[in-house]
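Source file entry02.csv; content: CSV, C-alpha atoms (C1' of nucleotides).
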```csv
chain,number,residue,atom,x,y,z
A,1,MET,CA,41.7,-138.4,48.9
A,2,GLY,CA,45.1,-136.9,49.8
A,3,HIS,CA,47.7,-139.5,50.6
A,4,GLY,CA,51.3,-140.1,51.4
A,5,GLY,CA,53.7,-137.2,51.1
A,6,LEU,CA,57.4,-137.9,51.6
A,7,ARG,CA,59.3,-138.5,54.8
A,8,PRO,CA,61.6,-135.7,56.0
A,9,GLU,CA,64.7,-137.7,55.0
A,10,ASP,CA,63.3,-138.1,51.4
A,11,ILE,CA,62.6,-134.4,51.3
A,12,GLU,CA,66.1,-133.6,52.4
A,13,HIS,CA,67.5,-136.0,49.8
A,14,ALA,CA,65.5,-134.4,47.0
A,15,ARG,CA,66.8,-130.9,48.0
A,16,THR,CA,70.3,-132.2,47.8
A,17,GLN,CA,69.6,-134.0,44.5
A,18,LEU,CA,68.3,-130.8,42.9
A,19,SER,CA,71.2,-128.7,44.3
A,20,ASN,CA,73.8,-131.1,42.9
A,21,PHE,CA,72.0,-131.4,39.6
A,22,LEU,CA,72.0,-127.6,39.2
A,23,SER,CA,75.6,-127.0,40.0
A,24,ARG,CA,76.7,-130.0,37.9
A,25,ARG,CA,74.9,-128.5,35.0
A,26,GLY,CA,76.0,-124.9,35.7
A,27,LEU,CA,72.4,-123.9,36.3
A,28,LYS,CA,71.2,-121.5,39.0
A,29,GLN,CA,69.7,-121.9,42.3
A,30,THR,CA,66.7,-119.6,42.4
A,31,ARG,CA,64.0,-118.6,44.9
A,32,GLN,CA,61.3,-119.9,42.5
A,33,ARG,CA,62.9,-123.3,42.1
A,34,GLU,CA,63.1,-123.7,45.8
A,35,ALA,CA,59.5,-122.7,46.3
A,36,ILE,CA,58.3,-125.0,43.6
A,37,LEU,CA,60.3,-127.9,44.9
A,38,GLU,CA,59.0,-127.5,48.4
A,39,ALA,CA,55.4,-127.4,47.1
A,40,PHE,CA,56.0,-130.4,45.0
A,41,LEU,CA,57.6,-132.4,47.9
A,42,GLU,CA,54.8,-131.4,50.3
A,43,SER,CA,52.2,-132.7,47.9
A,44,GLY,CA,51.1,-136.3,47.6
A,45,GLY,CA,52.7,-136.6,44.2
A,46,HIS,CA,50.4,-137.2,41.1
A,47,MET,CA,49.7,-133.6,40.3
A,48,THR,CA,49.6,-131.6,37.2
A,49,SER,CA,51.6,-128.5,36.5
A,50,GLU,CA,48.4,-126.6,36.9
A,51,ASP,CA,47.8,-128.1,40.3
A,52,LEU,CA,51.3,-127.2,41.4
A,53,TYR,CA,50.9,-123.7,40.1
A,54,GLU,CA,47.8,-123.2,42.2
A,55,ARG,CA,49.6,-124.6,45.2
A,56,VAL,CA,52.6,-122.3,44.8
A,57,ARG,CA,50.6,-119.2,44.0
A,58,PRO,CA,49.2,-118.2,47.4
A,59,GLN,CA,52.7,-117.8,48.9
A,60,ASN,CA,54.3,-116.6,45.7
A,61,PRO,CA,51.9,-114.6,43.5
A,62,GLU,CA,54.5,-113.5,41.2
A,63,ILE,CA,55.5,-116.9,40.0
A,64,GLY,CA,54.1,-117.6,36.5
A,65,ALA,CA,52.6,-120.8,35.2
A,66,ALA,CA,55.3,-121.1,32.6
A,67,THR,CA,57.9,-121.2,35.3
A,68,VAL,CA,56.2,-124.1,36.9
A,69,TYR,CA,56.0,-126.0,33.7
A,70,ARG,CA,59.7,-125.4,33.0
A,71,THR,CA,60.7,-126.3,36.5
A,72,LEU,CA,58.7,-129.5,36.6
A,73,LYS,CA,60.5,-130.6,33.4
A,74,LEU,CA,63.8,-129.7,35.1
A,75,PHE,CA,62.8,-131.9,38.1
A,76,CYS,CA,62.3,-134.7,35.7
A,77,GLU,CA,65.7,-134.3,34.3
A,78,ALA,CA,67.1,-134.1,37.8
A,79,GLY,CA,65.4,-137.4,38.7
A,80,ILE,CA,63.1,-135.9,41.3
A,81,ALA,CA,59.9,-136.1,39.4
A,82,HIS,CA,58.5,-138.5,36.8
A,83,PRO,CA,55.8,-137.6,34.2
A,84,ASN,CA,52.8,-139.8,33.6
A,85,HIS,CA,50.0,-139.7,31.1
A,86,PHE,CA,47.1,-141.4,32.7
A,87,ARG,CA,44.6,-139.7,30.5
A,88,ALA,CA,44.6,-137.6,27.3
A,89,GLY,CA,45.8,-134.0,27.5
A,90,VAL,CA,47.3,-133.9,30.9
A,91,THR,CA,50.7,-134.8,32.4
A,92,LEU,CA,50.7,-136.0,36.0
A,93,TYR,CA,54.0,-135.6,37.8
A,94,GLU,CA,54.8,-138.0,40.6
A,95,HIS,CA,57.6,-138.3,43.1
A,96,ARG,CA,60.5,-140.4,41.8
A,97,GLY,CA,61.5,-143.5,43.7
A,98,GLY,CA,59.6,-146.7,44.1
A,99,HIS,CA,58.1,-148.4,41.2
A,100,HIS,CA,55.6,-146.7,39.0
A,101,ASP,CA,52.7,-149.1,39.3
A,102,HIS,CA,49.3,-147.7,40.1
A,103,LEU,CA,45.7,-148.6,40.9
A,104,ILE,CA,43.5,-145.7,39.6
A,105,CYS,CA,39.9,-145.2,40.5
A,106,VAL,CA,38.0,-144.3,37.4
A,107,SER,CA,35.3,-142.6,39.4
A,108,CYS,CA,37.0,-140.4,42.0
A,109,GLY,CA,40.5,-140.4,40.5
A,110,ASP,CA,42.2,-141.7,43.6
A,111,ILE,CA,45.6,-143.3,43.0
A,112,VAL,CA,47.2,-146.0,45.0
A,113,GLU,CA,50.7,-147.3,44.4
A,114,PHE,CA,51.6,-150.9,44.5
A,115,GLU,CA,54.6,-153.0,43.8
A,116,CYS,CA,54.9,-156.7,42.8
A,117,SER,CA,58.3,-158.2,42.3
A,118,MET,CA,56.8,-161.2,40.6
A,119,ILE,CA,55.4,-159.1,37.9
A,120,GLU,CA,58.6,-157.1,37.6
A,121,GLN,CA,60.4,-160.3,37.1
A,122,THR,CA,57.9,-161.6,34.5
A,123,GLN,CA,58.3,-158.3,32.5
A,124,LEU,CA,62.0,-158.9,32.1
A,125,GLU,CA,61.3,-162.4,30.8
A,126,ILE,CA,58.8,-161.2,28.3
A,127,ALA,CA,61.0,-158.5,27.1
A,128,GLY,CA,63.8,-161.0,26.7
A,129,GLN,CA,61.5,-163.2,24.6
A,130,TYR,CA,61.1,-160.4,22.1
A,131,GLY,CA,64.7,-159.3,22.3
A,132,PHE,CA,63.9,-156.0,23.9
A,133,ARG,CA,66.2,-154.3,26.4
A,134,LEU,CA,63.9,-152.6,28.9
A,135,THR,CA,64.4,-149.1,30.1
A,136,ASN,CA,61.2,-148.6,32.0
A,137,HIS,CA,57.6,-149.5,32.1
A,138,ARG,CA,54.1,-148.5,33.2
A,139,HIS,CA,51.5,-150.7,34.7
A,140,ASP,CA,48.2,-149.1,35.6
A,141,LEU,CA,45.1,-150.9,36.8
A,142,TYR,CA,41.9,-149.0,36.4
A,143,GLY,CA,38.7,-149.7,38.3
A,144,TYR,CA,36.5,-148.7,41.2
A,145,CYS,CA,38.0,-148.1,44.6
A,146,PRO,CA,36.2,-149.5,47.6
A,147,LYS,CA,34.4,-146.2,48.3
A,148,CYS,CA,33.1,-145.8,44.7
A,149,SER,CA,32.3,-149.4,44.3
A,150,LYS,CA,29.4,-148.9,46.6
A,151,ASP,CA,27.9,-146.1,44.5
A,152,GLU,CA,28.5,-147.3,41.0
A,153,GLU,CA,26.6,-150.4,39.9
A,154,PRO,CA,28.1,-152.7,37.2
A,155,ASN,CA,25.1,-152.7,34.9
A,156,PRO,CA,23.7,-149.3,33.7
B,1,MET,CA,57.8,-150.9,11.1
B,2,GLY,CA,54.3,-151.7,9.8
B,3,HIS,CA,52.7,-154.8,11.3
B,4,GLY,CA,49.6,-156.9,11.6
B,5,GLY,CA,46.4,-155.6,10.1
B,6,LEU,CA,43.3,-157.7,10.8
B,7,ARG,CA,42.2,-160.9,9.2
B,8,PRO,CA,39.2,-160.8,6.8
B,9,GLU,CA,37.0,-162.5,9.5
B,10,ASP,CA,37.9,-159.8,12.1
B,11,ILE,CA,37.1,-157.1,9.6
B,12,GLU,CA,33.8,-158.6,8.9
B,13,HIS,CA,33.1,-158.9,12.6
B,14,ALA,CA,34.0,-155.3,13.2
B,15,ARG,CA,31.6,-154.2,10.5
B,16,THR,CA,28.8,-156.1,12.1
B,17,GLN,CA,29.7,-154.8,15.5
B,18,LEU,CA,29.4,-151.2,14.3
B,19,SER,CA,26.2,-151.9,12.4
B,20,ASN,CA,24.6,-153.4,15.5
B,21,PHE,CA,25.9,-150.7,17.7
B,22,LEU,CA,24.5,-148.0,15.5
B,23,SER,CA,21.0,-149.5,15.2
B,24,ARG,CA,20.9,-150.4,18.9
B,25,ARG,CA,21.6,-146.8,19.7
B,26,GLY,CA,19.3,-145.4,17.0
B,27,LEU,CA,22.2,-143.8,15.2
B,28,LYS,CA,22.8,-143.6,11.5
B,29,GLN,CA,24.8,-145.6,9.1
B,30,THR,CA,26.6,-143.1,7.0
B,31,ARG,CA,29.0,-143.1,4.0
B,32,GLN,CA,31.7,-141.4,6.2
B,33,ARG,CA,31.5,-143.9,9.0
B,34,GLU,CA,31.9,-146.7,6.6
B,35,ALA,CA,34.9,-145.1,4.9
B,36,ILE,CA,36.5,-144.3,8.2
B,37,LEU,CA,35.9,-147.8,9.5
B,38,GLU,CA,37.5,-149.4,6.5
B,39,ALA,CA,40.5,-147.2,6.7
B,40,PHE,CA,40.9,-148.0,10.4
B,41,LEU,CA,40.6,-151.7,9.9
B,42,GLU,CA,43.0,-151.8,7.0
B,43,SER,CA,45.6,-150.0,9.1
B,44,GLY,CA,47.9,-151.7,11.5
B,45,GLY,CA,46.2,-150.2,14.5
B,46,HIS,CA,48.0,-147.8,16.8
B,47,MET,CA,47.3,-144.6,14.9
B,48,THR,CA,46.2,-141.1,15.8
B,49,SER,CA,43.1,-139.4,14.5
B,50,GLU,CA,45.3,-137.3,12.4
B,51,ASP,CA,46.9,-140.3,10.8
B,52,LEU,CA,43.5,-141.8,10.0
B,53,TYR,CA,42.4,-138.5,8.6
B,54,GLU,CA,45.3,-138.5,6.2
B,55,ARG,CA,44.5,-142.1,5.2
B,56,VAL,CA,40.9,-141.4,4.5
B,57,ARG,CA,41.4,-138.1,2.7
B,58,PRO,CA,42.7,-139.2,-0.7
B,59,GLN,CA,39.6,-141.2,-1.5
B,60,ASN,CA,37.2,-138.9,0.4
B,61,PRO,CA,38.5,-135.3,0.2
B,62,GLU,CA,35.2,-133.9,1.6
B,63,ILE,CA,35.5,-135.7,5.0
B,64,GLY,CA,36.6,-133.3,7.7
B,65,ALA,CA,39.1,-133.9,10.5
B,66,ALA,CA,36.3,-133.3,13.1
B,67,THR,CA,34.3,-136.2,11.7
B,68,VAL,CA,37.3,-138.5,12.0
B,69,TYR,CA,37.7,-137.5,15.7
B,70,ARG,CA,34.0,-137.9,16.4
B,71,THR,CA,33.9,-141.3,14.6
B,72,LEU,CA,36.9,-142.7,16.4
B,73,LYS,CA,35.3,-141.9,19.7
B,74,LEU,CA,32.2,-143.6,18.4
B,75,PHE,CA,34.3,-146.7,17.5
B,76,CYS,CA,35.6,-146.7,21.1
B,77,GLU,CA,32.1,-146.8,22.4
B,78,ALA,CA,31.2,-149.5,20.0
B,79,GLY,CA,34.1,-151.6,21.3
B,80,ILE,CA,35.9,-151.5,17.9
B,81,ALA,CA,38.8,-149.2,18.9
B,82,HIS,CA,40.6,-148.5,22.1
B,83,PRO,CA,42.4,-145.2,23.0
B,84,ASN,CA,45.9,-145.2,24.4
B,85,HIS,CA,48.1,-142.4,25.6
B,86,PHE,CA,51.6,-143.6,25.1
B,87,ARG,CA,53.0,-140.1,25.1
B,88,ALA,CA,51.8,-136.6,26.0
B,89,GLY,CA,49.5,-134.8,23.7
B,90,VAL,CA,48.4,-137.6,21.4
B,91,THR,CA,45.8,-140.3,21.5
B,92,LEU,CA,46.7,-143.5,19.7
B,93,TYR,CA,43.8,-145.7,18.7
B,94,GLU,CA,44.2,-149.4,18.4
B,95,HIS,CA,42.1,-152.3,17.3
B,96,ARG,CA,40.1,-153.8,20.1
B,97,GLY,CA,40.4,-157.5,21.0
B,98,GLY,CA,43.3,-159.2,22.6
B,99,HIS,CA,44.8,-157.7,25.7
B,100,HIS,CA,46.3,-154.2,25.6
B,101,ASP,CA,49.8,-155.0,26.7
B,102,HIS,CA,52.6,-153.6,24.7
B,103,LEU,CA,56.3,-153.6,24.2
B,104,ILE,CA,57.3,-150.2,22.8
B,105,CYS,CA,60.6,-149.3,21.3
B,106,VAL,CA,61.7,-145.9,22.6
B,107,SER,CA,63.9,-145.4,19.6
B,108,CYS,CA,61.9,-146.4,16.5
B,109,GLY,CA,58.5,-146.4,18.1
B,110,ASP,CA,57.7,-149.9,17.0
B,111,ILE,CA,54.9,-151.5,19.1
B,112,VAL,CA,54.7,-155.3,19.8
B,113,GLU,CA,51.7,-156.7,21.6
B,114,PHE,CA,52.1,-159.4,24.2
B,115,GLU,CA,49.8,-161.3,26.6
B,116,CYS,CA,50.6,-163.0,29.8
B,117,SER,CA,47.9,-164.8,31.7
B,118,MET,CA,50.0,-165.0,34.8
B,119,ILE,CA,50.3,-161.3,35.0
B,120,GLU,CA,46.6,-160.9,34.3
B,121,GLN,CA,45.9,-163.2,37.2
B,122,THR,CA,48.2,-161.3,39.5
B,123,GLN,CA,46.6,-158.0,38.7
B,124,LEU,CA,43.3,-159.3,39.9
B,125,GLU,CA,44.8,-160.4,43.1
B,126,ILE,CA,46.5,-157.1,43.7
B,127,ALA,CA,43.3,-155.2,43.0
B,128,GLY,CA,41.5,-157.5,45.4
B,129,GLN,CA,44.0,-156.7,48.1
B,130,TYR,CA,43.1,-153.0,47.8
B,131,GLY,CA,39.4,-153.6,47.4
B,132,PHE,CA,39.4,-152.3,43.9
B,133,ARG,CA,37.0,-153.7,41.3
B,134,LEU,CA,39.0,-153.6,38.0
B,135,THR,CA,37.5,-152.4,34.7
B,136,ASN,CA,40.7,-152.4,32.6
B,137,HIS,CA,44.4,-151.9,32.7
B,138,ARG,CA,47.4,-150.9,30.8
B,139,HIS,CA,50.8,-152.5,30.9
B,140,ASP,CA,53.5,-151.0,28.7
B,141,LEU,CA,57.1,-152.0,28.6
B,142,TYR,CA,59.5,-149.5,27.2
B,143,GLY,CA,62.9,-150.3,25.9
B,144,TYR,CA,65.0,-150.8,22.8
B,145,CYS,CA,63.9,-153.3,20.2
B,146,PRO,CA,66.4,-155.8,18.8
B,147,LYS,CA,67.2,-153.6,15.8
B,148,CYS,CA,67.7,-150.4,17.8
B,149,SER,CA,69.6,-152.2,20.6
B,150,LYS,CA,72.5,-152.6,18.2
B,151,ASP,CA,72.7,-148.8,17.5
B,152,GLU,CA,72.1,-147.4,20.9
B,153,GLU,CA,74.7,-148.0,23.6
B,154,PRO,CA,73.7,-148.4,27.3
B,155,ASN,CA,76.0,-145.7,28.7
B,156,PRO,CA,75.9,-142.1,27.4
C,1,DC,C1',9.8,-134.7,7.7
C,2,DT,C1',12.5,-135.5,11.8
C,3,DT,C1',16.6,-136.3,14.0
C,4,DG,C1',21.1,-137.2,13.8
C,5,DG,C1',25.5,-136.3,11.0
C,6,DT,C1',28.7,-133.5,8.7
C,7,DG,C1',31.9,-129.6,7.5
C,8,DC,C1',33.8,-125.7,8.5
C,9,DA,C1',35.8,-122.4,11.4
C,10,DA,C1',36.2,-120.7,15.8
C,11,DA,C1',37.0,-122.0,20.5
C,12,DT,C1',39.4,-124.7,24.2
C,13,DC,C1',42.9,-126.8,26.8
C,14,DG,C1',47.3,-128.0,28.2
C,15,DT,C1',51.7,-126.7,27.2
C,16,DT,C1',55.6,-124.1,24.8
C,17,DT,C1',58.1,-120.2,23.3
C,18,DG,C1',59.8,-115.3,22.1
C,19,DC,C1',61.3,-111.5,24.2
C,20,DA,C1',62.7,-107.8,27.4
C,21,DC,C1',64.0,-107.5,32.0
C,22,DC,C1',66.0,-109.4,36.5
C,23,DG,C1',68.9,-112.0,39.6
C,24,DT,C1',72.6,-115.4,40.4
C,25,DC,C1',77.2,-116.7,39.8
D,1,DG,C1',79.2,-108.0,33.9
D,2,DA,C1',77.6,-112.4,31.7
D,3,DC,C1',74.5,-115.6,31.2
D,4,DG,C1',70.8,-118.2,32.8
D,5,DG,C1',65.9,-117.5,34.8
D,6,DT,C1',61.5,-115.4,34.9
D,7,DG,C1',57.0,-113.3,33.6
D,8,DC,C1',54.0,-112.2,30.4
D,9,DA,C1',51.5,-112.8,26.4
D,10,DA,C1',51.3,-114.7,22.1
D,11,DA,C1',52.0,-119.1,19.7
D,12,DC,C1',51.0,-124.0,19.3
D,13,DG,C1',49.1,-128.6,18.4
D,14,DA,C1',45.6,-131.8,19.5
D,15,DT,C1',41.0,-132.1,20.2
D,16,DT,C1',36.2,-130.1,20.7
D,17,DT,C1',32.2,-127.5,19.7
D,18,DG,C1',28.6,-124.1,17.6
D,19,DC,C1',26.1,-123.6,13.9
D,20,DA,C1',23.8,-123.9,9.4
D,21,DC,C1',23.1,-127.3,6.1
D,22,DC,C1',22.6,-132.3,4.5
D,23,DA,C1',21.0,-136.9,4.5
D,24,DA,C1',19.4,-141.4,6.7
D,25,DG,C1',15.5,-143.5,8.8
```
Rewrite the structure from the file as structure tokens, please.
Amino acid sequence: MGHGGLRPEDIEHARTQLSNFLSRRGLKQTRQREAILEAFLESGGHMTSEDLYERVRPQNPEIGAATVYRTLKLFCEAGIAHPNHFRAGVTLYEHRGGHHDHLICVSCGDIVEFECSMIEQTQLEIAGQYGFRLTNHRHDLYGYCPKCSKDEEPNP
Amino acid sequence: MGHGGLRPEDIEHARTQLSNFLSRRGLKQTRQREAILEAFLESGGHMTSEDLYERVRPQNPEIGAATVYRTLKLFCEAGIAHPNHFRAGVTLYEHRGGHHDHLICVSCGDIVEFECSMIEQTQLEIAGQYGFRLTNHRHDLYGYCPKCSKDEEPNP
DNA sequence: CTTGGTGCAAATCGTTTGCACCGTC
DNA sequence: GACGGTGCAAACGATTTGCACCAAG
């Protein structure tokens, strides 16, 4: 179920973003970071460090898993990636930008993104009622996607 | 920031629920399961297996951590508990019942539950648009609670 | 007495870290 | 050259599992 990578302009933007972030912080531009960034951007988002490691490996066999973990964290700080914990024990990284709301198929794992400004608005109101100042949110809907709906029957 | 345990009637209901679940499945009613259930119900919800283990230990030094993990999973199947992954690496279990929507303070970790039927409704519509058949959802709003809002300043 | 439950310790899994070496600035 | 980056392997923390023993039905 691969879906939506980024458009060329987004990719270019991400490259610049990382570049700026690195120099601003006095960090180094390395071959590995470039390779990992490209692999991440080419992917559809929603991947684990492990996944990305596998993706990078063929072209760069010397890059270690630890570097991928470290780099992905760096991307999060740079605002290029965002970590998500859909299930126990794994961190899924997604492309930044857009709102992080998802429809997740509990059967095949497919992830679809959606956005609803009405809900966004309502969230702010609710937070206000409790005196909370919101920084971010997550809104995930779990269920069976159209394909899997046909296989799985409601009552076991 | 402790808050809301369950009312006596809810506790009674949970006991029955587990009891029924066990016999329905041909499983056994054990001293450990009772002890762990009581500890879980007495707590405010939103605890890790580890937390519960510590809570149970004083009165039942022989109960092992593995049993608590196993039992908590059982509670989930029985519909008494519900697992949540607010942050990487830990599973937080909460009391079942009510909708699982939360306001979470990123500073002190306080968790407030809320419910909004309008959002619930909208979720169904969105799922429908994508042909998904929903089974459950999670909706977490992160931010600073009133107390912590005073300390933390918006711009770093 | 039969089958599931428990406790312990060892095993796993994802992720992190210490350290010696390597490459960028 | 200095300091951050990398690779490897060992360390880690949460959770799971194999196994021999125990207890509920």
Leaving out DT6 (chain C) and any residue of its chain fewer than 4 positions from it, which residues lie within 12 Å of it when counting all atoms listed in the file, given as a VMD selection string? (chain B and resid 30 to 33 62 to 68 70 to 71) or (chain D and resid 19 to 23)
Output, as a tab-separated table (two decimals) with C-alpha atoms, in the coordinates of the input, the coordinates of chain A following least-squares superposition onto chain B across all in-order C-alpha pairs.
```tsv
chain	number	residue	atom	x	y	z
A	1	MET	CA	57.47	-151.06	10.94
A	2	GLY	CA	53.91	-151.86	9.80
A	3	HIS	CA	52.50	-154.96	11.40
A	4	GLY	CA	49.47	-157.11	11.79
A	5	GLY	CA	46.20	-155.85	10.39
A	6	LEU	CA	43.07	-157.90	11.08
A	7	ARG	CA	41.93	-161.12	9.50
A	8	PRO	CA	38.98	-160.92	7.08
A	9	GLU	CA	36.67	-162.57	9.64
A	10	ASP	CA	37.63	-159.88	12.27
A	11	ILE	CA	36.99	-157.19	9.71
A	12	GLU	CA	33.60	-158.61	8.92
A	13	HIS	CA	32.80	-158.85	12.63
A	14	ALA	CA	33.73	-155.22	13.24
A	15	ARG	CA	31.44	-154.09	10.33
A	16	THR	CA	28.61	-155.97	11.90
A	17	GLN	CA	29.46	-154.63	15.38
A	18	LEU	CA	29.34	-151.03	14.14
A	19	SER	CA	26.10	-151.62	12.16
A	20	ASN	CA	24.34	-153.08	15.20
A	21	PHE	CA	25.68	-150.40	17.48
A	22	LEU	CA	24.31	-147.68	15.18
A	23	SER	CA	20.86	-149.06	14.75
A	24	ARG	CA	20.61	-149.92	18.47
A	25	ARG	CA	21.38	-146.36	19.24
A	26	GLY	CA	19.20	-144.89	16.46
A	27	LEU	CA	22.27	-143.44	14.79
A	28	LYS	CA	22.91	-143.35	11.04
A	29	GLN	CA	24.87	-145.36	8.72
A	30	THR	CA	26.87	-142.94	6.62
A	31	ARG	CA	29.36	-143.10	3.74
A	32	GLN	CA	32.00	-141.38	5.92
A	33	ARG	CA	31.65	-143.83	8.77
A	34	GLU	CA	32.09	-146.70	6.43
A	35	ALA	CA	35.15	-145.18	4.84
A	36	ILE	CA	36.71	-144.40	8.15
A	37	LEU	CA	36.03	-147.84	9.51
A	38	GLU	CA	37.55	-149.54	6.53
A	39	ALA	CA	40.69	-147.37	6.84
A	40	PHE	CA	40.90	-148.06	10.48
A	41	LEU	CA	40.49	-151.88	10.01
A	42	GLU	CA	43.06	-151.94	7.18
A	43	SER	CA	45.61	-150.25	9.38
A	44	GLY	CA	47.84	-151.99	11.88
A	45	GLY	CA	46.01	-150.39	14.77
A	46	HIS	CA	47.95	-147.87	17.04
A	47	MET	CA	47.24	-144.77	15.05
A	48	THR	CA	46.24	-141.32	15.89
A	49	SER	CA	43.21	-139.52	14.58
A	50	GLU	CA	45.58	-137.49	12.51
A	51	ASP	CA	47.10	-140.59	11.01
A	52	LEU	CA	43.68	-141.94	10.15
A	53	TYR	CA	42.67	-138.66	8.63
A	54	GLU	CA	45.65	-138.73	6.31
A	55	ARG	CA	44.85	-142.30	5.39
A	56	VAL	CA	41.22	-141.56	4.57
A	57	ARG	CA	41.89	-138.34	2.72
A	58	PRO	CA	43.29	-139.56	-0.60
A	59	GLN	CA	40.10	-141.51	-1.41
A	60	ASN	CA	37.78	-139.08	0.31
A	61	PRO	CA	39.02	-135.47	0.15
A	62	GLU	CA	35.92	-134.06	1.44
A	63	ILE	CA	36.02	-135.77	4.77
A	64	GLY	CA	37.10	-133.34	7.54
A	65	ALA	CA	39.44	-134.00	10.42
A	66	ALA	CA	36.69	-133.33	12.90
A	67	THR	CA	34.67	-136.12	11.43
A	68	VAL	CA	37.46	-138.51	12.01
A	69	TYR	CA	37.89	-137.47	15.56
A	70	ARG	CA	34.15	-137.85	16.22
A	71	THR	CA	34.00	-141.17	14.48
A	72	LEU	CA	36.98	-142.63	16.29
A	73	LYS	CA	35.27	-141.75	19.60
A	74	LEU	CA	32.12	-143.45	18.28
A	75	PHE	CA	34.20	-146.59	17.48
A	76	CYS	CA	35.32	-146.57	21.03
A	77	GLU	CA	31.84	-146.50	22.28
A	78	ALA	CA	30.93	-149.25	19.86
A	79	GLY	CA	33.78	-151.42	21.20
A	80	ILE	CA	35.73	-151.46	17.97
A	81	ALA	CA	38.52	-149.21	18.97
A	82	HIS	CA	40.32	-148.49	22.25
A	83	PRO	CA	42.17	-145.22	23.08
A	84	ASN	CA	45.64	-145.21	24.54
A	85	HIS	CA	47.88	-142.48	25.83
A	86	PHE	CA	51.37	-143.70	25.40
A	87	ARG	CA	52.81	-140.25	25.43
A	88	ALA	CA	51.67	-136.70	26.29
A	89	GLY	CA	49.33	-134.92	23.88
A	90	VAL	CA	48.35	-137.70	21.61
A	91	THR	CA	45.70	-140.46	21.67
A	92	LEU	CA	46.59	-143.70	19.91
A	93	TYR	CA	43.62	-145.79	18.86
A	94	GLU	CA	44.08	-149.53	18.62
A	95	HIS	CA	41.91	-152.39	17.47
A	96	ARG	CA	39.77	-153.82	20.27
A	97	GLY	CA	40.17	-157.46	21.18
A	98	GLY	CA	43.10	-159.16	22.79
A	99	HIS	CA	44.70	-157.75	25.79
A	100	HIS	CA	46.15	-154.30	25.82
A	101	ASP	CA	49.71	-155.08	26.79
A	102	HIS	CA	52.49	-153.58	24.74
A	103	LEU	CA	56.25	-153.49	24.23
A	104	ILE	CA	57.11	-149.99	22.84
A	105	CYS	CA	60.40	-149.07	21.30
A	106	VAL	CA	61.44	-145.72	22.62
A	107	SER	CA	63.62	-145.08	19.61
A	108	CYS	CA	61.62	-146.02	16.51
A	109	GLY	CA	58.18	-146.18	18.12
A	110	ASP	CA	57.45	-149.72	17.06
A	111	ILE	CA	54.77	-151.48	19.10
A	112	VAL	CA	54.49	-155.14	19.76
A	113	GLU	CA	51.61	-156.74	21.61
A	114	PHE	CA	52.04	-159.43	24.13
A	115	GLU	CA	49.89	-161.32	26.53
A	116	CYS	CA	50.77	-163.12	29.81
A	117	SER	CA	48.07	-164.89	31.71
A	118	MET	CA	50.28	-165.15	34.74
A	119	ILE	CA	50.49	-161.47	35.03
A	120	GLU	CA	46.79	-161.05	34.37
A	121	GLN	CA	46.16	-163.38	37.19
A	122	THR	CA	48.60	-161.59	39.55
A	123	GLN	CA	46.82	-158.22	38.79
A	124	LEU	CA	43.54	-159.59	40.06
A	125	GLU	CA	45.23	-160.71	43.26
A	126	ILE	CA	46.81	-157.38	43.85
A	127	ALA	CA	43.67	-155.56	43.20
A	128	GLY	CA	41.89	-157.84	45.63
A	129	GLN	CA	44.51	-157.04	48.27
A	130	TYR	CA	43.58	-153.38	48.09
A	131	GLY	CA	39.88	-154.03	47.75
A	132	PHE	CA	39.69	-152.73	44.24
A	133	ARG	CA	37.29	-154.13	41.64
A	134	LEU	CA	39.16	-153.97	38.34
A	135	THR	CA	37.64	-152.71	35.17
A	136	ASN	CA	40.69	-152.61	32.98
A	137	HIS	CA	44.36	-152.05	32.97
A	138	ARG	CA	47.40	-150.98	30.96
A	139	HIS	CA	50.78	-152.54	30.99
A	140	ASP	CA	53.40	-151.02	28.75
A	141	LEU	CA	57.07	-151.95	28.64
A	142	TYR	CA	59.32	-149.37	27.14
A	143	GLY	CA	62.79	-150.05	25.76
A	144	TYR	CA	64.86	-150.65	22.67
A	145	CYS	CA	63.71	-153.11	20.06
A	146	PRO	CA	66.26	-155.46	18.59
A	147	LYS	CA	66.88	-153.21	15.56
A	148	CYS	CA	67.47	-150.04	17.66
A	149	SER	CA	69.41	-151.81	20.28
A	150	LYS	CA	72.23	-152.09	17.85
A	151	ASP	CA	72.38	-148.34	17.21
A	152	GLU	CA	71.78	-146.91	20.62
A	153	GLU	CA	74.48	-147.51	23.23
A	154	PRO	CA	73.53	-147.64	26.96
A	155	ASN	CA	76.01	-145.05	28.14
A	156	PRO	CA	75.97	-141.57	26.47
```
One-decimal distance in Å that lies between CA of Ser107 (chain A) and CA of Phe21 (chain B):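 So the answer is 25.0 Å.
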Pairwise distance for CA of His13 (chain B) and CA of Leu141 (chain A), rounded to one decimal in Å: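 CA of Leu141 (chain A) lies 28.2 Å from CA of His13 (chain B).
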Based on all atoms listed in the file, which of the residues in chain C come within 10 Å of chain A? I want them as a PyMOL selection string. chain C and resi 13-17+23-25
Under the rule of at most 12 Å, produce a per-residue listing of chain D near chain A: chain, number, name, the closest pair of atoms, and the distance in Å, as CSV, using all atoms listed in the file.
```
residue,atom,partner,partner_atom,distance
D:DC3,C1',A:Leu27,CA,10.0
D:DG4,C1',A:Leu27,CA,6.9
D:DG5,C1',A:Lys28,CA,7.9
D:DT6,C1',A:Thr67,CA,6.8
D:DG7,C1',A:Gly64,CA,5.9
D:DC8,C1',A:Gly64,CA,8.1
D:DA9,C1',A:Ala66,CA,11.0
D:DG13,C1',A:Gly89,CA,11.1
D:DA14,C1',A:Gly89,CA,8.3
D:DT15,C1',A:Gly89,CA,8.9
```
Pick out the residues sitting within 8 Å of Gly143 (chain B), and hand them over as an NGL selection string; count all atoms listed in the file, and ignore anything fewer than 4 positions along from it in its own chain. (:A and (132-136)) or (:B and (103-106))
